[in-house]
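Beneath this line is the structure, given in structure tokens, with notes to follow.
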2 protein chains.
Amino acid sequence: MTGRLAVIGLGPGAPGLITPDAAAALAAAEALYGYGPYLDRVPPRAGQSRHPSDNRVEIDRARAALSAAAAGASVAMVSGGDPGVFAMAAAVCEAVEHGPPEWRALDLSVQPGITAMLALAARAGAPLGHDFCAMSLSDNLKPWPLVERRLAAAAGAGFAIALYNPISSARPWQLGAAFAILRNHLPAETPVLFGRAVARAAERVTVARLDGAEAVPADMATCVIVGSAETRVVERPGLPPLVYSPRSAGGA
Amino acid sequence: MTGRLAVIGLGPGAPGLITPDAAAALAAAEALYGYGPYLDRVPPRAGQSRHPSDNRVEIDRARAALSAAAAGASVAMVSGGDPGVFAMAAAVCEAVEHGPPEWRALDLSVQPGITAMLALAARAGAPLGHDFCAMSLSDNLKPWPLVERRLAAAAGAGFAIALYNPISSARPWQLGAAFAILRNHLPAETPVLFGRAVARAAERVTVARLDGAEAVPADMATCVIVGSAETRVVERPGLPPLVYSPRSAGGA
């Protein structure tokens with residue numbers, strides 16, 4: 001008997017931003033796994049067991065869910081945003097690759113979701129409307145010099161840059177260091193967006209200029225988008241400005 | 001009297017992948033604007049006018065929708081995928097910036113959606129599970145040498161690369177040229193994913209190696225994801241392989 005595992009994107013946290021497919025996959029599961037605060041977003045349902053875990057134990061969490069599926073259960077692994085963007089899908093794939101052969105035979109599916117940068121971009125206008133990249137600023141999983149090299153390469157080549165995991169109590173200086181690097185490659189007036197808890201009650205979206213951007217308004221619930229040299233800010237009377245990256249670049 | 005404009009992401013095309021917020025915004029609109037084939041995905045509704053337009057007239061389409069909203073209508077602009085990723089949100093912002101002042105006072109909102117690369121990534125495993133970038137291969141809106149420079153920068157810095165608008169009858173050679181550039185920066189066995197019409201009836205997802213990747217299976221309905229040097233392929237008996245980018249990189 002073989003069960004199944006669905007890795008499910010909850011989106012940014014508003015019920016109106018979870019896809020119907022993701023909601024149906026959640027409802028069909030017998031056992032829910034996930035980081036505690038994400039599991040807390042899923043309404044309780046009779047007959048469903050819940051298995052919250054701490055942050056930073058992604059591989060252990062993935063193995064526990066895969067083991068339960070291999071034992072025959074219908075399992076859901078919940079993930080904030082999109083499971084494929086700095087979230088649980090990669091950890092599950094990694095666990096499958098290095099786990100017992102029977103895990104490769106499981107019915108494994110991924111339900112996409114609205115990832116943080118898209119939710120923030122939608123609030124602001126279209127800052128990712130031209131070529132862009134997404135980077136995690138966490139140096140738990142890669143050496144900091146590689147982060148620096150990527151920031152320089154992305155800014156130098158004209159990508160807008162979405163920064164995930166920008167700052168935490170254990171990594172207090174990285175976002176400020178990232179802004180310092182980006183200032184070497186981008187104009188002083190380059191727009192920087194901070195989106196905290198977008199689409200949730202505590203939502204706060206702010207716009208700064210790169211030369212004045214400070215790491216202070218960011219935390220682990222924040223996504224940061226740094227524009228390219230071509231990103232525009234359109235002021236609006238009585239409304240927040242629109243921030244967008246034009247569709248054309250390089251004089252085209 | 002001032003109306004409003006909602007720019008709405010339809011996702012990849014399956015009803016189960018449109019968010020409830022996007023569906024509600026569609027239902028609330030009096031007038032729908034959009035590229036014809038995207039409008040065709042929206043079920044008809046009594047009392048709603050429909051204004052389909054051709055491809056490549058994004059700015060004209062944006063201006064028409066903004067004019068209707070400024071005249072007091074509740075207007076929806078539909079977009080495939082996410083409106084903020086190589087779609088209509090940037091065109092609308094551009095039209096606002098260069099249009100009459102009253103357009104800046106409009107109630108303008110963007111409803112995010114599941115963009116093509118996330119739908120494809122979900123089908124394949126987690127190819128975007130580490131740092132990645134998204135680029136349009138269309139050289140209508142930027143000079144080809146800039147595309148070349150960005151491809152080299154992204155591959156050289158270790159980003160997985162999602163390619164939008166990879167090929168069309170008017171741009172037949174660009175995807176092949178992009179693969180040729182990427183071969184200079186990435187190992188021969190780097191996985192390349194082709195996702196055509198993901199989440200629709202005609203869905204076709206294939207995996208190739210970079211040294212054997214050909215532009216042939218791609219068209220305008222295709223999204224292509226080229227892995228980084230660290231992207232893995234996990235073979236599964238009787239199932240498609242999992243393709244994923246490990247969460248850690250650079251030996252961390």
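Numbering starts fresh at 1 for the residues of each chain in the structure tokens, the chains themselves are lettered A, B, ... in the order given, and ligands are numbered from 1 as they appear.
Shell of B:Arg56 at 10 Å, with only C-alpha atoms counted and residues fewer than 5 places along the chain excluded, is Tyr35, Arg61 and Asn140 of chain B.
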Just write the chosen residues, all heavy atoms, as a short mmCIF file (atom, residue, chain, number, x, y, z; two decimals), in the first residue's frame.
data_model
loop_
_atom_site.label_atom_id
_atom_site.label_comp_id
_atom_site.auth_asym_id
_atom_site.auth_seq_id
_atom_site.Cartn_x
_atom_site.Cartn_y
_atom_site.Cartn_z
N TYR B 35 -6.00 40.27 -24.08
CA TYR B 35 -5.63 39.53 -25.29
C TYR B 35 -6.70 38.46 -25.51
O TYR B 35 -7.11 37.76 -24.58
CB TYR B 35 -4.24 38.94 -25.06
CG TYR B 35 -3.72 38.02 -26.10
CD1 TYR B 35 -3.79 38.33 -27.47
CD2 TYR B 35 -3.09 36.82 -25.75
CE1 TYR B 35 -3.27 37.49 -28.43
CE2 TYR B 35 -2.57 35.97 -26.71
CZ TYR B 35 -2.66 36.30 -28.05
OH TYR B 35 -2.16 35.45 -29.00
N ARG B 61 -4.11 48.60 -25.43
CA ARG B 61 -5.08 47.88 -24.61
C ARG B 61 -5.15 48.50 -23.20
O ARG B 61 -6.24 48.71 -22.66
CB ARG B 61 -4.66 46.41 -24.51
CG ARG B 61 -5.65 45.50 -23.82
CD ARG B 61 -5.02 44.13 -23.59
NE ARG B 61 -4.56 43.53 -24.83
CZ ARG B 61 -3.49 42.73 -24.93
NH1 ARG B 61 -2.78 42.43 -23.86
NH2 ARG B 61 -3.14 42.23 -26.09
N ASN B 140 11.97 42.02 -29.04
CA ASN B 140 11.19 43.18 -29.46
C ASN B 140 11.42 44.35 -28.51
O ASN B 140 11.35 45.50 -28.90
CB ASN B 140 9.69 42.88 -29.44
CG ASN B 140 9.30 41.82 -30.45
OD1 ASN B 140 9.89 41.73 -31.52
ND2 ASN B 140 8.32 41.00 -30.09
#
Within 7 Å of stretch 157-171 of chain A using only C-alpha atoms, minus same-chain residues under 2 positions, as an MDAnalysis selection string: (chainID A and resid 117 128 131:138 153:155 173:175 218:220 223:229) or (chainID B and resid 149:150 153)
Residues of chain A within 7 Å of chain B, only C-alpha atoms counted, as a PyMOL selection string: chain A and resi 16-21+84-86+89-90+93-94+97+104-105+110-114+118-119+121-123+125-126+128-136+141-143+149-150+153-154+157+234+236-237+244-252
Alpha helix (DSSP H) positions in stretch 101-247 of chain A, given as a ChimeraX atom specification: /A:116-124,144-157,174-183
Quick one: DSSP strand (DSSP E or B) residues in stretch 99-220 of chain A, as a PDB file with C-alpha atoms, in the first residue's frame?
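Dumped everything to out39.pdb:
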ATOM      1  CA  ASP A 107       2.531   9.727  -5.695  1.00  0.00           C
ATOM      2  CA  LEU A 108       4.223  13.094  -5.143  1.00  0.00           C
ATOM      3  CA  SER A 109       2.651  16.346  -6.313  1.00  0.00           C
ATOM      4  CA  VAL A 110       3.333  20.037  -5.828  1.00  0.00           C
ATOM      5  CA  GLN A 111       0.524  22.608  -5.699  1.00  0.00           C
ATOM      6  CA  GLY A 125       2.462  48.031  -9.409  1.00  0.00           C
ATOM      7  CA  ALA A 126       4.848  45.950 -11.503  1.00  0.00           C
ATOM      8  CA  PHE A 132      14.323  39.845 -12.577  1.00  0.00           C
ATOM      9  CA  CYS A 133      15.866  37.409 -10.154  1.00  0.00           C
ATOM     10  CA  ALA A 134      14.996  35.959  -6.776  1.00  0.00           C
ATOM     11  CA  MET A 135      17.626  35.311  -4.143  1.00  0.00           C
ATOM     12  CA  SER A 136      17.624  34.137  -0.571  1.00  0.00           C
ATOM     13  CA  ALA A 160      15.373  43.666 -10.633  1.00  0.00           C
ATOM     14  CA  ILE A 161      16.117  41.650  -7.491  1.00  0.00           C
ATOM     15  CA  ALA A 162      13.682  40.060  -5.050  1.00  0.00           C
ATOM     16  CA  LEU A 163      15.294  39.210  -1.717  1.00  0.00           C
ATOM     17  CA  TYR A 164      13.834  36.440   0.423  1.00  0.00           C
ATOM     18  CA  SER A 168      16.699  37.584  11.167  1.00  0.00           C
ATOM     19  CA  ARG A 171      21.577  37.139  10.529  1.00  0.00           C
ATOM     20  CA  PRO A 191      13.475  52.123  -5.750  1.00  0.00           C
ATOM     21  CA  VAL A 192      13.515  49.580  -2.937  1.00  0.00           C
ATOM     22  CA  LEU A 193      10.244  47.993  -1.805  1.00  0.00           C
ATOM     23  CA  PHE A 194       9.710  46.451   1.592  1.00  0.00           C
ATOM     24  CA  GLY A 195       6.663  44.229   1.933  1.00  0.00           C
ATOM     25  CA  ARG A 196       5.907  42.915   5.384  1.00  0.00           C
ATOM     26  CA  ARG A 204       3.002  47.093   5.545  1.00  0.00           C
ATOM     27  CA  VAL A 205       4.426  48.098   2.172  1.00  0.00           C
ATOM     28  CA  THR A 206       6.974  50.898   2.007  1.00  0.00           C
ATOM     29  CA  VAL A 207       9.130  52.380  -0.744  1.00  0.00           C
ATOM     30  CA  ALA A 208      12.610  53.804  -0.232  1.00  0.00           C
ATOM     31  CA  ARG A 209      15.474  54.929  -2.413  1.00  0.00           C
TER      32      ARG A 209
END
Selection: 9 Å around A:Gly13, only C-alpha atoms, excl. self and same-chain fewer than 6 positions, as a ChimeraX atom specification: /A:38,41,80-81,197-200
Output file for the residues above (C-alpha atoms, as a PDB file, in the first residue's frame):
ATOM      1  CA  TYR A  38       2.015  27.896   8.422  1.00  0.00           C
ATOM      2  CA  ARG A  41      -3.209  29.096   8.941  1.00  0.00           C
ATOM      3  CA  GLY A  80       4.049  29.462   2.775  1.00  0.00           C
ATOM      4  CA  GLY A  81       3.894  31.183  -0.601  1.00  0.00           C
ATOM      5  CA  ALA A 197       3.105  40.376   5.900  1.00  0.00           C
ATOM      6  CA  VAL A 198       1.607  41.249   2.521  1.00  0.00           C
ATOM      7  CA  ALA A 199      -2.069  40.228   2.264  1.00  0.00           C
ATOM      8  CA  ARG A 200      -2.316  39.705   6.021  1.00  0.00           C
TER       9      ARG A 200
END
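Atom pair atom CA of B:Pro43 / atom CA of B:Ala25 has a distance of 13.5 Å (rounded to one decimal).
Going from atom CA of B:Arg50 over to atom CA of B:Glu203, you cover 27.4 Å.
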Surrounding residues of stretch 28-34 of chain A excluding itself and chain neighbours under 6 positions, 7 Å, only C-alpha atoms, as a ChimeraX atom specification: /A:47-53,65,73-79
File of the preceding selection, all heavy atoms, as an mmCIF file, in the first residue's frame:
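And here is the file that came out, result-v3.cif:
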data_model
loop_
_atom_site.group_PDB
_atom_site.id
_atom_site.type_symbol
_atom_site.label_atom_id
_atom_site.label_comp_id
_atom_site.auth_asym_id
_atom_site.auth_seq_id
_atom_site.Cartn_x
_atom_site.Cartn_y
_atom_site.Cartn_z
ATOM 1 N N GLY A 47 -10.726 14.490 11.751
ATOM 2 C CA GLY A 47 -10.091 13.329 11.130
ATOM 3 C C GLY A 47 -8.720 13.588 10.546
ATOM 4 O O GLY A 47 -8.092 12.676 10.015
ATOM 5 N N GLN A 48 -8.261 14.837 10.641
ATOM 6 C CA GLN A 48 -6.938 15.165 10.108
ATOM 7 C C GLN A 48 -5.939 15.285 11.256
ATOM 8 O O GLN A 48 -6.189 16.033 12.196
ATOM 9 C CB GLN A 48 -6.994 16.516 9.383
ATOM 10 C CG GLN A 48 -6.902 16.431 7.887
ATOM 11 C CD GLN A 48 -6.988 17.800 7.221
ATOM 12 O OE1 GLN A 48 -7.110 18.833 7.877
ATOM 13 N NE2 GLN A 48 -6.941 17.791 5.907
ATOM 14 N N SER A 49 -4.838 14.599 11.150
ATOM 15 C CA SER A 49 -3.793 14.792 12.169
ATOM 16 C C SER A 49 -2.852 15.906 11.731
ATOM 17 O O SER A 49 -2.690 16.152 10.538
ATOM 18 C CB SER A 49 -3.008 13.495 12.387
ATOM 19 O OG SER A 49 -2.299 13.142 11.216
ATOM 20 N N ARG A 50 -2.263 16.581 12.706
ATOM 21 C CA ARG A 50 -1.389 17.733 12.419
ATOM 22 C C ARG A 50 -0.033 17.515 13.056
ATOM 23 O O ARG A 50 0.060 17.140 14.215
ATOM 24 C CB ARG A 50 -2.028 19.017 12.967
ATOM 25 C CG ARG A 50 -3.370 19.312 12.319
ATOM 26 C CD ARG A 50 -4.131 20.374 13.075
ATOM 27 N NE ARG A 50 -3.740 21.702 12.669
ATOM 28 C CZ ARG A 50 -4.346 22.398 11.714
ATOM 29 N NH1 ARG A 50 -5.370 21.881 11.055
ATOM 30 N NH2 ARG A 50 -3.941 23.602 11.392
ATOM 31 N N HIS A 51 1.007 17.805 12.306
ATOM 32 C CA HIS A 51 2.372 17.521 12.747
ATOM 33 C C HIS A 51 3.254 18.745 12.542
ATOM 34 O O HIS A 51 4.043 18.783 11.601
ATOM 35 C CB HIS A 51 2.922 16.315 11.984
ATOM 36 C CG HIS A 51 2.009 15.124 12.024
ATOM 37 N ND1 HIS A 51 2.106 14.143 12.986
ATOM 38 C CD2 HIS A 51 0.944 14.789 11.254
ATOM 39 C CE1 HIS A 51 1.151 13.236 12.791
ATOM 40 N NE2 HIS A 51 0.424 13.605 11.740
ATOM 41 N N PRO A 52 3.089 19.736 13.416
ATOM 42 C CA PRO A 52 3.901 20.954 13.260
ATOM 43 C C PRO A 52 5.357 20.696 13.610
ATOM 44 O O PRO A 52 5.662 19.843 14.438
ATOM 45 C CB PRO A 52 3.265 21.922 14.264
ATOM 46 C CG PRO A 52 2.647 21.045 15.303
ATOM 47 C CD PRO A 52 2.211 19.780 14.595
ATOM 48 N N SER A 53 6.229 21.434 12.977
ATOM 49 C CA SER A 53 7.645 21.350 13.340
ATOM 50 C C SER A 53 8.251 22.745 13.343
ATOM 51 O O SER A 53 7.659 23.706 12.877
ATOM 52 C CB SER A 53 8.404 20.414 12.396
ATOM 53 O OG SER A 53 8.028 20.610 11.053
ATOM 54 N N ALA A 65 7.220 13.351 6.603
ATOM 55 C CA ALA A 65 6.048 13.335 5.726
ATOM 56 C C ALA A 65 6.155 12.209 4.696
ATOM 57 O O ALA A 65 5.166 11.513 4.409
ATOM 58 C CB ALA A 65 5.903 14.689 5.027
ATOM 59 N N ALA A 73 -0.411 6.721 4.057
ATOM 60 C CA ALA A 73 -1.281 7.863 4.353
ATOM 61 C C ALA A 73 -1.343 8.844 3.192
ATOM 62 O O ALA A 73 -0.457 8.888 2.338
ATOM 63 C CB ALA A 73 -0.772 8.584 5.606
ATOM 64 N N SER A 74 -2.419 9.602 3.187
ATOM 65 C CA SER A 74 -2.532 10.733 2.266
ATOM 66 C C SER A 74 -2.049 11.966 3.027
ATOM 67 O O SER A 74 -2.707 12.433 3.953
ATOM 68 C CB SER A 74 -3.990 10.894 1.830
ATOM 69 O OG SER A 74 -4.100 12.009 0.982
ATOM 70 N N VAL A 75 -0.906 12.469 2.649
ATOM 71 C CA VAL A 75 -0.184 13.461 3.444
ATOM 72 C C VAL A 75 -0.094 14.782 2.697
ATOM 73 O O VAL A 75 0.088 14.798 1.478
ATOM 74 C CB VAL A 75 1.243 12.952 3.756
ATOM 75 C CG1 VAL A 75 2.040 14.003 4.530
ATOM 76 C CG2 VAL A 75 1.194 11.639 4.519
ATOM 77 N N ALA A 76 -0.238 15.868 3.425
ATOM 78 C CA ALA A 76 0.008 17.200 2.863
ATOM 79 C C ALA A 76 1.140 17.865 3.628
ATOM 80 O O ALA A 76 1.161 17.843 4.856
ATOM 81 C CB ALA A 76 -1.249 18.057 2.951
ATOM 82 N N MET A 77 2.066 18.436 2.883
ATOM 83 C CA MET A 77 3.114 19.272 3.473
ATOM 84 C C MET A 77 2.771 20.702 3.114
ATOM 85 O O MET A 77 2.725 21.049 1.926
ATOM 86 C CB MET A 77 4.454 18.895 2.859
ATOM 87 C CG MET A 77 5.591 19.837 3.199
ATOM 88 S SD MET A 77 6.096 19.660 4.909
ATOM 89 C CE MET A 77 7.132 18.186 4.736
ATOM 90 N N VAL A 78 2.488 21.529 4.111
ATOM 91 C CA VAL A 78 2.125 22.908 3.784
ATOM 92 C C VAL A 78 3.366 23.793 3.768
ATOM 93 O O VAL A 78 4.346 23.559 4.473
ATOM 94 C CB VAL A 78 1.074 23.504 4.747
ATOM 95 C CG1 VAL A 78 -0.175 22.651 4.770
ATOM 96 C CG2 VAL A 78 1.643 23.692 6.127
ATOM 97 N N SER A 79 3.300 24.799 2.941
ATOM 98 C CA SER A 79 4.420 25.701 2.713
ATOM 99 C C SER A 79 3.826 27.092 2.544
ATOM 100 O O SER A 79 2.761 27.245 1.946
ATOM 101 C CB SER A 79 5.095 25.227 1.418
ATOM 102 O OG SER A 79 6.411 25.681 1.303
#
